[in-house]
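For reference, the structure discussed in these notes is given below.
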Amino acid sequence: MNLNHFGRRDQKLADLTAAAQAILALDQAFKRVLPGPLGQFCQVACVRDGELVVYAHNSTVASRLRLLGNSLLPPLQRQGHALRSLRIKVLPTPHKVRQPRNVTLSDAGISAFDEAAQRMRNPVVRDALLALLAHHKSR
């Protein structure tokens, strides 16, 4: 079953489906108006009281869209979209979760670091090697 079939049963779902299709159509029309590959890096979010809200994937794309400004609206208006202004927003980028490092040293590695620590003349480096060994020996 497709979404249109369910839309015939529930008016709210039908309205939501129609609104989503209208936004997708406006997004496609907006991207056709943009120069070059700029359309790959933005998307229409919504229309609020005649204001077209577009999300840019980064600040560089947002700056370029702002430079184009309201010159993008007349072609869309000629296609029947009731737009008065344009607002560009930058999509927030989620923080990358760093995976904890899970490094273990082999027995040969521990022996090599231990030997290097015993021979090290620099006390700062020797202490760092001993701390590393203490960490890995406790596992």
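Chain identifiers are assigned as A, B, and so on, following the order in which chains appear in the structure tokens; residues are numbered from 1 within each chain, and ligands are numbered from 1 in order of appearance.
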List as a short mmCIF file (atom, residue, chain, number, x, y, z; two decimals) with N, CA, C and O atoms, in the first residue's frame the protein and nucleic acid residues near A:Ala128, meaning an atom at most 12 Å away when only C-alpha atoms are counted, but skip any in the same chain fewer than 4 places from it.
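Produced file selection05.cif, reproduced below:
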```cif
data_model
loop_
_atom_site.label_atom_id
_atom_site.label_comp_id
_atom_site.auth_asym_id
_atom_site.auth_seq_id
_atom_site.Cartn_x
_atom_site.Cartn_y
_atom_site.Cartn_z
N PHE A 113 59.17 -1.15 25.86
CA PHE A 113 59.01 0.15 26.51
C PHE A 113 59.71 0.17 27.87
O PHE A 113 60.27 1.18 28.27
N ASP A 114 59.67 -0.95 28.57
CA ASP A 114 60.34 -1.03 29.86
C ASP A 114 61.85 -0.88 29.70
O ASP A 114 62.50 -0.12 30.43
N ALA A 116 63.34 0.60 27.18
CA ALA A 116 63.59 1.98 26.75
C ALA A 116 63.53 2.93 27.93
O ALA A 116 64.34 3.88 28.03
N ALA A 117 62.60 2.72 28.85
CA ALA A 117 62.48 3.58 30.03
C ALA A 117 63.72 3.48 30.91
O ALA A 117 64.18 4.49 31.46
N GLN A 118 64.27 2.27 31.04
CA GLN A 118 65.46 2.09 31.88
C GLN A 118 66.68 2.77 31.28
O GLN A 118 67.55 3.24 32.01
N MET A 120 66.52 5.51 29.26
CA MET A 120 66.24 6.90 28.95
C MET A 120 66.94 7.84 29.92
O MET A 120 66.86 7.67 31.13
N ASN A 122 66.53 11.34 29.69
CA ASN A 122 65.62 12.47 29.94
C ASN A 122 64.57 12.04 30.97
O ASN A 122 63.78 11.13 30.71
N PRO A 123 64.53 12.68 32.12
CA PRO A 123 63.60 12.25 33.18
C PRO A 123 62.13 12.44 32.80
O PRO A 123 61.27 11.66 33.23
N VAL A 124 61.82 13.44 32.01
CA VAL A 124 60.42 13.68 31.61
C VAL A 124 59.94 12.54 30.72
O VAL A 124 58.85 11.99 30.91
N LEU A 132 53.08 5.13 31.11
CA LEU A 132 52.46 4.31 30.06
C LEU A 132 52.52 2.84 30.44
O LEU A 132 51.53 2.11 30.31
N LEU A 133 53.67 2.40 30.92
CA LEU A 133 53.82 1.00 31.33
C LEU A 133 52.91 0.65 32.49
O LEU A 133 52.29 -0.42 32.51
N ALA A 134 52.82 1.55 33.47
CA ALA A 134 51.96 1.30 34.62
C ALA A 134 50.50 1.16 34.18
O ALA A 134 49.77 0.30 34.69
N HIS A 135 50.13 1.98 33.23
CA HIS A 135 48.74 1.92 32.71
C HIS A 135 48.48 0.59 32.03
O HIS A 135 47.45 -0.04 32.24
#
```
_I need the residues of chain A that end up classed as alpha helix (DSSP H) by DSSP on the backbone, written out as a PyMOL selection string._
chain A and resi 3-9+11-33+59-68+73-78+107-119+123-137
*What is the distance between atom CA of A:Ala131 and atom CA of A:Lys96, in Å to one decimal?*
29.1 Å
_as number ranges by chain, please: the residues near A:Ala22 (cut-off 12 Å, only C-alpha atoms, same-chain neighbours under 2 positions excluded)._
A: 15-20, 24-29, 44-47, 80-81
Save the residues we just selected, N, CA, C and O atoms, as a PDB file, in the first residue's frame?
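Generated output (part.pdb):
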```
ATOM      1  N   ASP A  15      -3.703  15.664   4.374  1.00  0.00           N
ATOM      2  CA  ASP A  15      -3.202  17.044   4.405  1.00  0.00           C
ATOM      3  C   ASP A  15      -1.687  17.079   4.590  1.00  0.00           C
ATOM      4  O   ASP A  15      -0.989  17.861   3.938  1.00  0.00           O
ATOM      5  N   LEU A  16      -1.187  16.216   5.471  1.00  0.00           N
ATOM      6  CA  LEU A  16       0.248  16.151   5.706  1.00  0.00           C
ATOM      7  C   LEU A  16       0.993  15.687   4.453  1.00  0.00           C
ATOM      8  O   LEU A  16       2.038  16.240   4.096  1.00  0.00           O
ATOM      9  N   THR A  17       0.445  14.711   3.774  1.00  0.00           N
ATOM     10  CA  THR A  17       1.055  14.210   2.537  1.00  0.00           C
ATOM     11  C   THR A  17       1.071  15.301   1.470  1.00  0.00           C
ATOM     12  O   THR A  17       2.083  15.492   0.781  1.00  0.00           O
ATOM     13  N   ALA A  18      -0.006  16.037   1.349  1.00  0.00           N
ATOM     14  CA  ALA A  18      -0.075  17.116   0.360  1.00  0.00           C
ATOM     15  C   ALA A  18       0.930  18.215   0.686  1.00  0.00           C
ATOM     16  O   ALA A  18       1.602  18.742  -0.213  1.00  0.00           O
ATOM     17  N   ALA A  19       1.063  18.548   1.967  1.00  0.00           N
ATOM     18  CA  ALA A  19       2.023  19.577   2.366  1.00  0.00           C
ATOM     19  C   ALA A  19       3.459  19.123   2.085  1.00  0.00           C
ATOM     20  O   ALA A  19       4.279  19.909   1.595  1.00  0.00           O
ATOM     21  N   ALA A  20       3.750  17.863   2.366  1.00  0.00           N
ATOM     22  CA  ALA A  20       5.096  17.332   2.103  1.00  0.00           C
ATOM     23  C   ALA A  20       5.393  17.331   0.609  1.00  0.00           C
ATOM     24  O   ALA A  20       6.501  17.697   0.187  1.00  0.00           O
ATOM     25  N   LEU A  24       8.372  19.386  -1.333  1.00  0.00           N
ATOM     26  CA  LEU A  24       9.308  18.704  -2.241  1.00  0.00           C
ATOM     27  C   LEU A  24       9.298  19.341  -3.628  1.00  0.00           C
ATOM     28  O   LEU A  24      10.353  19.521  -4.246  1.00  0.00           O
ATOM     29  N   ALA A  25       8.127  19.710  -4.108  1.00  0.00           N
ATOM     30  CA  ALA A  25       8.031  20.360  -5.424  1.00  0.00           C
ATOM     31  C   ALA A  25       8.715  21.730  -5.387  1.00  0.00           C
ATOM     32  O   ALA A  25       9.434  22.096  -6.326  1.00  0.00           O
ATOM     33  N   LEU A  26       8.514  22.482  -4.308  1.00  0.00           N
ATOM     34  CA  LEU A  26       9.167  23.782  -4.169  1.00  0.00           C
ATOM     35  C   LEU A  26      10.679  23.608  -4.060  1.00  0.00           C
ATOM     36  O   LEU A  26      11.441  24.386  -4.635  1.00  0.00           O
ATOM     37  N   ASP A  27      11.126  22.588  -3.353  1.00  0.00           N
ATOM     38  CA  ASP A  27      12.559  22.313  -3.232  1.00  0.00           C
ATOM     39  C   ASP A  27      13.172  22.044  -4.606  1.00  0.00           C
ATOM     40  O   ASP A  27      14.226  22.577  -4.937  1.00  0.00           O
ATOM     41  N   GLN A  28      12.502  21.247  -5.402  1.00  0.00           N
ATOM     42  CA  GLN A  28      13.002  20.951  -6.756  1.00  0.00           C
ATOM     43  C   GLN A  28      13.024  22.212  -7.617  1.00  0.00           C
ATOM     44  O   GLN A  28      13.987  22.462  -8.341  1.00  0.00           O
ATOM     45  N   ALA A  29      11.975  23.018  -7.531  1.00  0.00           N
ATOM     46  CA  ALA A  29      11.923  24.263  -8.309  1.00  0.00           C
ATOM     47  C   ALA A  29      13.027  25.219  -7.855  1.00  0.00           C
ATOM     48  O   ALA A  29      13.682  25.865  -8.673  1.00  0.00           O
ATOM     49  N   VAL A  44      14.980  23.239   0.831  1.00  0.00           N
ATOM     50  CA  VAL A  44      13.862  24.055   1.303  1.00  0.00           C
ATOM     51  C   VAL A  44      13.328  23.418   2.576  1.00  0.00           C
ATOM     52  O   VAL A  44      13.093  22.210   2.632  1.00  0.00           O
ATOM     53  N   ALA A  45      13.154  24.235   3.608  1.00  0.00           N
ATOM     54  CA  ALA A  45      12.634  23.738   4.883  1.00  0.00           C
ATOM     55  C   ALA A  45      11.123  23.931   4.954  1.00  0.00           C
ATOM     56  O   ALA A  45      10.385  22.991   5.236  1.00  0.00           O
ATOM     57  N   CYS A  46      10.669  25.155   4.697  1.00  0.00           N
ATOM     58  CA  CYS A  46       9.241  25.444   4.784  1.00  0.00           C
ATOM     59  C   CYS A  46       8.966  26.827   4.216  1.00  0.00           C
ATOM     60  O   CYS A  46       9.875  27.556   3.844  1.00  0.00           O
ATOM     61  N   VAL A  47       7.689  27.161   4.179  1.00  0.00           N
ATOM     62  CA  VAL A  47       7.245  28.506   3.821  1.00  0.00           C
ATOM     63  C   VAL A  47       6.361  28.990   4.961  1.00  0.00           C
ATOM     64  O   VAL A  47       5.385  28.320   5.311  1.00  0.00           O
ATOM     65  N   GLY A  80       4.146  30.107  -9.698  1.00  0.00           N
ATOM     66  CA  GLY A  80       2.932  30.006  -8.890  1.00  0.00           C
ATOM     67  C   GLY A  80       3.151  29.904  -7.396  1.00  0.00           C
ATOM     68  O   GLY A  80       2.194  29.712  -6.645  1.00  0.00           O
ATOM     69  N   HIS A  81       4.370  30.027  -6.934  1.00  0.00           N
ATOM     70  CA  HIS A  81       4.645  29.968  -5.497  1.00  0.00           C
ATOM     71  C   HIS A  81       4.490  31.362  -4.903  1.00  0.00           C
ATOM     72  O   HIS A  81       5.105  32.315  -5.362  1.00  0.00           O
TER      73      HIS A  81
END
```
*Leaving out stretch 102-107 of chain A and any residue of its chain fewer than 2 positions from it, which residues lie within 10 Å of it when counting only C-alpha atoms, given as a list in words?*
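Result of the neighbour search: Gln99, Pro100, Gly109, Ile110, Ser111, Ala112, Phe113, Leu133, His135, His136, Lys137 and Arg139 of chain A.
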*Which residue, A:Leu68, A:Ala62, A:Asp49, A:Arg119, has the smallest gap to A:Leu83 when you use only C-alpha atoms?*
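The shortest atom-to-atom distance to A:Leu83 comes from A:Asp49.
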*In Å, rounded to a single decimal, give me how far atom CA of A:Arg48 is from atom CA of A:Arg84.*
10.0 Å
*Pick out each residue of stretch 11-101 of chain A that DSSP on the backbone tags as strand (DSSP E or B); I need them as number ranges by chain.*
A: 42-48, 51-56, 85-90
Mind running stretch 23-71 of chain A against stretch 91-95 of chain A at 8 Å and telling me each contacting residue's nearest atom pair with the distance in Å (one decimal), counting only C-alpha atoms, chain and number ascending, as CSV?
```
residue,atom,partner,partner_atom,distance
A:Tyr55,CA,A:Leu91,CA,5.8
A:Ala56,CA,A:Leu91,CA,5.9
A:His57,CA,A:Leu91,CA,5.4
A:Asn58,CA,A:Leu91,CA,6.7
```
Go ahead and save the residues from that selection, with N, CA, C and O atoms, as a PDB file, in the first residue's frame.
```pdb
ATOM      1  N   TYR A  55      17.519  25.745   4.252  1.00  0.00           N
ATOM      2  CA  TYR A  55      18.644  25.296   5.062  1.00  0.00           C
ATOM      3  C   TYR A  55      19.851  25.088   4.169  1.00  0.00           C
ATOM      4  O   TYR A  55      19.782  24.371   3.177  1.00  0.00           O
ATOM      5  N   ALA A  56      20.969  25.732   4.527  1.00  0.00           N
ATOM      6  CA  ALA A  56      22.243  25.527   3.837  1.00  0.00           C
ATOM      7  C   ALA A  56      23.062  24.543   4.659  1.00  0.00           C
ATOM      8  O   ALA A  56      23.024  24.566   5.889  1.00  0.00           O
ATOM      9  N   HIS A  57      23.812  23.701   3.978  1.00  0.00           N
ATOM     10  CA  HIS A  57      24.589  22.682   4.678  1.00  0.00           C
ATOM     11  C   HIS A  57      25.804  23.248   5.404  1.00  0.00           C
ATOM     12  O   HIS A  57      26.317  22.622   6.321  1.00  0.00           O
ATOM     13  N   ASN A  58      26.265  24.431   4.987  1.00  0.00           N
ATOM     14  CA  ASN A  58      27.387  25.060   5.683  1.00  0.00           C
ATOM     15  C   ASN A  58      27.331  26.565   5.461  1.00  0.00           C
ATOM     16  O   ASN A  58      26.527  27.065   4.672  1.00  0.00           O
TER      17      ASN A  58
END
```
